[in-house]
Structure formats: structure tokens, C-alpha cells
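Student: The structure file final-v8.pdb (PDB, N, CA and C atoms) is provided below.
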```
MODEL        1
ATOM      1  N   MET A   1     -64.255  74.267 -34.973
ATOM      2  CA  MET A   1     -63.781  73.213 -34.111
ATOM      3  C   MET A   1     -62.594  73.734 -33.328
ATOM      4  N   GLN A   2     -62.633  73.568 -32.023
ATOM      5  CA  GLN A   2     -61.500  73.933 -31.189
ATOM      6  C   GLN A   2     -60.796  72.659 -30.744
ATOM      7  N   ILE A   3     -59.470  72.736 -30.732
ATOM      8  CA  ILE A   3     -58.663  71.598 -30.303
ATOM      9  C   ILE A   3     -57.638  72.084 -29.302
ATOM     10  N   GLN A   4     -56.995  71.167 -28.631
ATOM     11  CA  GLN A   4     -56.011  71.525 -27.621
ATOM     12  C   GLN A   4     -54.691  70.840 -27.919
ATOM     13  N   LEU A   5     -53.598  71.571 -27.756
ATOM     14  CA  LEU A   5     -52.263  70.981 -27.890
ATOM     15  C   LEU A   5     -51.985  70.123 -26.669
ATOM     16  N   LYS A   6     -51.396  68.968 -26.884
ATOM     17  CA  LYS A   6     -51.045  68.064 -25.794
ATOM     18  C   LYS A   6     -49.594  67.638 -25.946
ATOM     19  N   ALA A   7     -48.948  67.394 -24.844
ATOM     20  CA  ALA A   7     -47.565  66.908 -24.878
ATOM     21  C   ALA A   7     -47.526  65.529 -25.526
ATOM     22  N   TRP A   8     -46.538  65.341 -26.385
ATOM     23  CA  TRP A   8     -46.336  64.052 -27.059
ATOM     24  C   TRP A   8     -44.836  63.834 -27.098
ATOM     25  N   GLY A   9     -44.305  63.163 -26.106
ATOM     26  CA  GLY A   9     -42.855  63.035 -25.976
ATOM     27  C   GLY A   9     -42.258  64.402 -25.701
ATOM     28  N   ASN A  10     -41.246  64.781 -26.490
ATOM     29  CA  ASN A  10     -40.627  66.098 -26.350
ATOM     30  C   ASN A  10     -41.302  67.135 -27.238
ATOM     31  N   SER A  11     -42.393  66.774 -27.893
ATOM     32  CA  SER A  11     -43.085  67.672 -28.824
ATOM     33  C   SER A  11     -44.500  67.950 -28.337
ATOM     34  N   GLN A  12     -45.245  68.636 -29.162
ATOM     35  CA  GLN A  12     -46.657  68.898 -28.913
ATOM     36  C   GLN A  12     -47.456  68.251 -30.022
ATOM     37  N   GLY A  13     -48.622  67.734 -29.721
ATOM     38  CA  GLY A  13     -49.437  67.059 -30.718
ATOM     39  C   GLY A  13     -50.859  67.595 -30.740
ATOM     40  N   VAL A  14     -51.502  67.430 -31.874
ATOM     41  CA  VAL A  14     -52.896  67.819 -32.064
ATOM     42  C   VAL A  14     -53.640  66.581 -32.541
ATOM     43  N   ARG A  15     -54.831  66.325 -32.003
ATOM     44  CA  ARG A  15     -55.624  65.178 -32.425
ATOM     45  C   ARG A  15     -56.909  65.688 -33.054
ATOM     46  N   PHE A  16     -57.249  65.089 -34.207
ATOM     47  CA  PHE A  16     -58.482  65.422 -34.907
ATOM     48  C   PHE A  16     -59.386  64.198 -34.906
ATOM     49  N   SER A  17     -60.687  64.424 -34.912
ATOM     50  CA  SER A  17     -61.620  63.302 -34.952
ATOM     51  C   SER A  17     -61.593  62.657 -36.335
ATOM     52  N   ARG A  18     -61.984  61.402 -36.388
ATOM     53  CA  ARG A  18     -62.038  60.652 -37.646
ATOM     54  C   ARG A  18     -62.985  61.338 -38.627
ATOM     55  N   GLU A  19     -64.126  61.801 -38.133
ATOM     56  CA  GLU A  19     -65.116  62.453 -38.994
ATOM     57  C   GLU A  19     -64.568  63.751 -39.587
ATOM     58  N   PHE A  20     -63.835  64.509 -38.777
ATOM     59  CA  PHE A  20     -63.256  65.770 -39.235
ATOM     60  C   PHE A  20     -62.262  65.524 -40.366
ATOM     61  N   LEU A  21     -61.395  64.534 -40.184
ATOM     62  CA  LEU A  21     -60.400  64.217 -41.210
ATOM     63  C   LEU A  21     -61.055  63.642 -42.459
ATOM     64  N   ALA A  22     -62.072  62.808 -42.281
ATOM     65  CA  ALA A  22     -62.769  62.226 -43.433
ATOM     66  C   ALA A  22     -63.423  63.316 -44.266
ATOM     67  N   SER A  23     -63.940  64.356 -43.628
ATOM     68  CA  SER A  23     -64.570  65.437 -44.388
ATOM     69  C   SER A  23     -63.558  66.216 -45.219
ATOM     70  N   ALA A  24     -62.275  66.138 -44.833
ATOM     71  CA  ALA A  24     -61.200  66.781 -45.606
ATOM     72  C   ALA A  24     -60.552  65.808 -46.574
ATOM     73  N   GLY A  25     -61.011  64.548 -46.594
ATOM     74  CA  GLY A  25     -60.428  63.552 -47.494
ATOM     75  C   GLY A  25     -59.066  63.057 -47.051
ATOM     76  N   ILE A  26     -58.799  63.117 -45.751
ATOM     77  CA  ILE A  26     -57.506  62.697 -45.206
ATOM     78  C   ILE A  26     -57.678  61.352 -44.512
ATOM     79  N   LYS A  27     -56.786  60.411 -44.832
ATOM     80  CA  LYS A  27     -56.842  59.062 -44.268
ATOM     81  C   LYS A  27     -55.806  58.917 -43.158
ATOM     82  N   PRO A  28     -56.001  57.948 -42.250
ATOM     83  CA  PRO A  28     -55.003  57.721 -41.197
ATOM     84  C   PRO A  28     -53.620  57.440 -41.784
ATOM     85  N   ASP A  29     -52.601  57.932 -41.128
ATOM     86  CA  ASP A  29     -51.188  57.759 -41.501
ATOM     87  C   ASP A  29     -50.813  58.443 -42.812
ATOM     88  N   GLU A  30     -51.671  59.289 -43.348
ATOM     89  CA  GLU A  30     -51.344  60.011 -44.582
ATOM     90  C   GLU A  30     -50.347  61.125 -44.263
ATOM     91  N   VAL A  31     -49.407  61.363 -45.160
ATOM     92  CA  VAL A  31     -48.403  62.408 -44.986
ATOM     93  C   VAL A  31     -48.989  63.742 -45.458
ATOM     94  N   LEU A  32     -48.847  64.773 -44.634
ATOM     95  CA  LEU A  32     -49.361  66.098 -44.958
ATOM     96  C   LEU A  32     -48.222  67.107 -45.017
ATOM     97  N   ASN A  33     -48.410  68.164 -45.794
ATOM     98  CA  ASN A  33     -47.491  69.300 -45.787
ATOM     99  C   ASN A  33     -47.960  70.261 -44.703
ATOM    100  N   ALA A  34     -47.024  70.822 -43.940
ATOM    101  CA  ALA A  34     -47.352  71.810 -42.921
ATOM    102  C   ALA A  34     -46.569  73.080 -43.226
ATOM    103  N   GLU A  35     -47.270  74.214 -43.201
ATOM    104  CA  GLU A  35     -46.608  75.496 -43.448
ATOM    105  C   GLU A  35     -47.277  76.576 -42.611
ATOM    106  N   ILE A  36     -46.586  77.657 -42.443
ATOM    107  CA  ILE A  36     -47.126  78.791 -41.698
ATOM    108  C   ILE A  36     -47.285  79.949 -42.662
ATOM    109  N   GLN A  37     -48.506  80.497 -42.741
ATOM    110  CA  GLN A  37     -48.798  81.659 -43.584
ATOM    111  C   GLN A  37     -49.570  82.674 -42.754
ATOM    112  N   ASP A  38     -49.036  83.865 -42.654
ATOM    113  CA  ASP A  38     -49.687  84.943 -41.902
ATOM    114  C   ASP A  38     -50.047  84.512 -40.485
ATOM    115  N   GLY A  39     -49.150  83.781 -39.830
ATOM    116  CA  GLY A  39     -49.371  83.360 -38.454
ATOM    117  C   GLY A  39     -50.348  82.210 -38.301
ATOM    118  N   LYS A  40     -50.742  81.565 -39.399
ATOM    119  CA  LYS A  40     -51.668  80.440 -39.351
ATOM    120  C   LYS A  40     -50.945  79.174 -39.786
ATOM    121  N   ILE A  41     -51.264  78.073 -39.134
ATOM    122  CA  ILE A  41     -50.710  76.775 -39.517
ATOM    123  C   ILE A  41     -51.640  76.172 -40.551
ATOM    124  N   ILE A  42     -51.089  75.809 -41.710
ATOM    125  CA  ILE A  42     -51.893  75.248 -42.799
ATOM    126  C   ILE A  42     -51.388  73.841 -43.091
ATOM    127  N   LEU A  43     -52.300  72.871 -43.008
ATOM    128  CA  LEU A  43     -51.995  71.488 -43.346
ATOM    129  C   LEU A  43     -52.642  71.182 -44.685
ATOM    130  N   SER A  44     -51.907  70.547 -45.594
ATOM    131  CA  SER A  44     -52.471  70.192 -46.893
ATOM    132  C   SER A  44     -51.951  68.824 -47.324
ATOM    133  N   LYS A  45     -52.757  68.150 -48.139
ATOM    134  CA  LYS A  45     -52.381  66.835 -48.627
ATOM    135  C   LYS A  45     -51.235  66.960 -49.620
ATOM    136  N   THR A  46     -50.362  65.950 -49.627
ATOM    137  CA  THR A  46     -49.265  65.920 -50.588
ATOM    138  C   THR A  46     -49.703  65.125 -51.807
ATOM    139  N   PHE A  47     -49.069  65.380 -52.936
ATOM    140  CA  PHE A  47     -49.360  64.613 -54.142
ATOM    141  C   PHE A  47     -48.593  63.304 -54.059
ATOM    142  N   GLN A  48     -49.294  62.202 -54.256
ATOM    143  CA  GLN A  48     -48.630  60.910 -54.237
ATOM    144  C   GLN A  48     -48.962  60.166 -55.521
ATOM    145  N   HIS A  49     -47.926  59.633 -56.158
ATOM    146  CA  HIS A  49     -48.134  58.824 -57.350
ATOM    147  C   HIS A  49     -48.785  57.511 -56.947
ATOM    148  N   ARG A  50     -49.740  57.065 -57.750
ATOM    149  CA  ARG A  50     -50.393  55.789 -57.490
ATOM    150  C   ARG A  50     -49.670  54.682 -58.240
ATOM    151  N   THR A  51     -49.672  53.502 -57.654
ATOM    152  CA  THR A  51     -49.054  52.360 -58.310
ATOM    153  C   THR A  51     -49.955  51.888 -59.447
ATOM    154  N   LEU A  52     -49.404  51.046 -60.300
ATOM    155  CA  LEU A  52     -50.183  50.489 -61.405
ATOM    156  C   LEU A  52     -51.373  49.702 -60.868
ATOM    157  N   GLN A  53     -51.177  48.974 -59.774
ATOM    158  CA  GLN A  53     -52.267  48.206 -59.180
ATOM    159  C   GLN A  53     -53.377  49.123 -58.673
ATOM    160  N   GLU A  54     -53.013  50.255 -58.070
ATOM    161  CA  GLU A  54     -54.022  51.210 -57.590
ATOM    162  C   GLU A  54     -54.798  51.817 -58.752
ATOM    163  N   ARG A  55     -54.097  52.117 -59.838
ATOM    164  CA  ARG A  55     -54.776  52.669 -61.014
ATOM    165  C   ARG A  55     -55.689  51.635 -61.651
ATOM    166  N   ALA A  56     -55.240  50.368 -61.722
ATOM    167  CA  ALA A  56     -56.044  49.306 -62.321
ATOM    168  C   ALA A  56     -57.302  49.046 -61.500
ATOM    169  N   ALA A  57     -57.217  49.237 -60.189
ATOM    170  CA  ALA A  57     -58.372  49.006 -59.321
ATOM    171  C   ALA A  57     -59.544  49.908 -59.695
ATOM    172  N   GLN A  58     -59.262  51.078 -60.239
ATOM    173  CA  GLN A  58     -60.320  51.992 -60.676
ATOM    174  C   GLN A  58     -61.105  51.421 -61.854
ATOM    175  N   PHE A  59     -60.502  50.495 -62.588
ATOM    176  CA  PHE A  59     -61.128  49.927 -63.771
ATOM    177  C   PHE A  59     -61.428  48.447 -63.577
ATOM    178  N   GLY A  60     -61.750  48.066 -62.356
ATOM    179  CA  GLY A  60     -62.082  46.686 -62.068
ATOM    180  C   GLY A  60     -60.897  45.748 -62.170
ATOM    181  N   GLY A  61     -59.692  46.263 -62.049
ATOM    182  CA  GLY A  61     -58.495  45.443 -62.097
ATOM    183  C   GLY A  61     -57.975  45.179 -63.492
ATOM    184  N   LYS A  62     -58.636  45.716 -64.524
ATOM    185  CA  LYS A  62     -58.206  45.475 -65.903
ATOM    186  C   LYS A  62     -57.873  46.801 -66.575
ATOM    187  N   LEU A  63     -56.693  46.851 -67.172
ATOM    188  CA  LEU A  63     -56.285  48.061 -67.884
ATOM    189  C   LEU A  63     -56.461  47.932 -69.390
ATOM    190  N   ASN A  64     -56.637  46.703 -69.905
ATOM    191  CA  ASN A  64     -56.818  46.476 -71.341
ATOM    192  C   ASN A  64     -55.713  47.119 -72.166
ATOM    193  N   LEU A  65     -54.473  46.904 -71.763
ATOM    194  CA  LEU A  65     -53.352  47.527 -72.458
ATOM    195  C   LEU A  65     -53.098  46.919 -73.829
ATOM    196  N   SER A  66     -53.514  45.677 -74.063
ATOM    197  CA  SER A  66     -53.207  45.024 -75.331
ATOM    198  C   SER A  66     -54.394  45.030 -76.293
ATOM    199  N   GLU A  67     -55.489  45.632 -75.905
ATOM    200  CA  GLU A  67     -56.661  45.642 -76.768
ATOM    201  C   GLU A  67     -56.495  46.643 -77.910
ATOM    202  N   GLU A  68     -56.772  46.206 -79.138
ATOM    203  CA  GLU A  68     -56.677  47.082 -80.299
ATOM    204  C   GLU A  68     -57.973  47.870 -80.427
ATOM    205  N   ILE A  69     -57.839  49.154 -80.705
ATOM    206  CA  ILE A  69     -59.012  50.017 -80.854
ATOM    207  C   ILE A  69     -59.057  50.527 -82.285
ATOM    208  N   ILE A  70     -60.142  50.313 -82.976
ATOM    209  CA  ILE A  70     -60.321  50.823 -84.335
ATOM    210  C   ILE A  70     -61.210  52.063 -84.226
ATOM    211  N   TRP A  71     -60.655  53.212 -84.550
ATOM    212  CA  TRP A  71     -61.365  54.458 -84.378
ATOM    213  C   TRP A  71     -62.336  54.743 -85.523
ATOM    214  N   ASP A  72     -61.966  54.363 -86.743
ATOM    215  CA  ASP A  72     -62.796  54.717 -87.890
ATOM    216  C   ASP A  72     -62.366  53.864 -89.080
ATOM    217  N   ASP A  73     -63.076  53.990 -90.155
ATOM    218  CA  ASP A  73     -62.705  53.287 -91.382
ATOM    219  C   ASP A  73     -61.455  53.910 -91.979
ATOM    220  N   PRO A  74     -60.672  53.124 -92.754
ATOM    221  CA  PRO A  74     -59.505  53.695 -93.420
ATOM    222  C   PRO A  74     -59.900  54.874 -94.299
ATOM    223  N   GLN A  75     -59.054  55.908 -94.324
ATOM    224  CA  GLN A  75     -59.366  57.126 -95.062
ATOM    225  C   GLN A  75     -58.477  57.337 -96.282
ATOM    226  N   GLY A  76     -57.397  56.621 -96.370
ATOM    227  CA  GLY A  76     -56.484  56.842 -97.487
ATOM    228  C   GLY A  76     -55.994  55.517 -98.049
ATOM    229  N   ASN A  77     -54.671  55.393 -98.190
ATOM    230  CA  ASN A  77     -54.072  54.182 -98.734
ATOM    231  C   ASN A  77     -53.566  53.244 -97.642
ATOM    232  N   GLU A  78     -54.181  53.330 -96.443
ATOM    233  CA  GLU A  78     -53.741  52.457 -95.364
ATOM    234  C   GLU A  78     -54.007  51.001 -95.734
ATOM    235  N   VAL A  79     -53.124  50.140 -95.272
ATOM    236  CA  VAL A  79     -53.314  48.708 -95.486
ATOM    237  C   VAL A  79     -53.756  48.104 -94.166
ATOM    238  N   TRP A  80     -54.944  47.498 -94.147
ATOM    239  CA  TRP A  80     -55.490  46.901 -92.922
ATOM    240  C   TRP A  80     -55.459  45.451 -93.068
TER     241      TRP A  80
ENDMDL
END
```
Rewrite the structure of this file - the entire thing - as C-alpha cells.

Tutor:
Amino acid sequence: MQIQLKAWGNSQGVRFSREFLASAGIKPDEVLNAEIQDGKIILSKTFQHRTLQERAAQFGGKLNLSEEIIWDDPQGNEVW
């Protein structure tokens, strides 16, 4: 894919198509790291912590934090 630098205020900007960014797993307004290695510009996703709500969404909105789990029968002198 070839792209062209364009003036953007006092800077230069690059525009990527939605499909191109989606194939890299990048969403609009996402913050990226930019670095130069061997004369090449490398853009990479940053690590972002997810909120508790975002994590719960993966499990249908329920984390089951208070549910007791019994792994096995008592093995010694445990009192149940």
C-alpha cells in the first residue's frame, strides 16, 4: 500500500483506510507508539488496561466473584 504525506496544520499527516487499520486490529482514535528503526517508521499498539466493566463484558456482564467453588472432596481433617 502506498500513501502520501499531506499537510495538517503545521505538521504532516498520513491517512489509512478503515479496512487497512481493521486488518491490523487498530480502532479509530486508538493511541499508537511511533518509533524509527533503521530508517523505517514503525507504528505499534500500546498496552491498555481494561476496566472491570470491559472485562466483565467478556463473560456476559457477570464475573461471579462471590460464587463458591468446590474443587474436590475433603482429603484430610478439613471441617466443611

Student: Write out as a list in words which residues come within 12 Å of Phe47 of chain A when counting only C-alpha atoms, dropping same-chain ones fewer than 4 positions away.

Tutor: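 Residues near the query, excluding close chain neighbours: Glu30, Val31, Leu32 and Asn33 of chain A.
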
Student: Could you tell me, as a list of chain:residue names, which residues of chain A DSSP assigns to strand (DSSP E or B) when given the backbone?

Tutor: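 Across chain A, those assigned strand (DSSP E or B) are A:Lys6, A:Ala7, A:Trp8, A:Ser11, A:Gln12, A:Gly13, A:Leu32, A:Asn33, A:Ala34, A:Glu35, A:Ile36, A:Gln37, A:Lys40, A:Ile41, A:Ile42, A:Leu43, A:Ser44, A:Lys45.
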
Student: If the box runs along x, y and z of the file and leaves 5 Å on each side of segment 13-25 of chain A, what are its centre and edge lengths in Å, one decimal, as lines of an AutoDock Vina configuration file?

Tutor:
```
center_x = -56.9
center_y = 64.2
center_z = -38.6
size_x = 26.5
size_y = 17.2
size_z = 27.8
```

Student: What is the atom N of Ile36 of chain A to atom C of Glu19 of chain A distance in Å?

Tutor: 22.9 Å

Student: Return as a list of chain:residue names the full set of residues in chain A whose backbone-based DSSP assignment is alpha helix (DSSP H).

Tutor: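 Residues meeting the alpha helix (DSSP H) criterion: A:Arg18, A:Glu19, A:Phe20, A:Leu21, A:Ala22, A:Ser23, A:Leu52, A:Gln53, A:Glu54, A:Arg55, A:Ala56, A:Ala57.
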
Student: Hey, what's within 10 Å of Phe16 of chain A if we count only C-alpha atoms and toss same-chain stuff fewer than 3 positions away? As a list in words, please?

Tutor: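 Surrounding residues, per the criterion: Met1, Gln2, Ile3, Gln4, Glu19, Phe20 and Leu21 of chain A.
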
Student: For Gly25 of chain A, which residue among A:Thr46, A:Gln58, A:Gln53, A:Gln75 is the nearest when counting only C-alpha atoms?

Tutor: A:Thr46
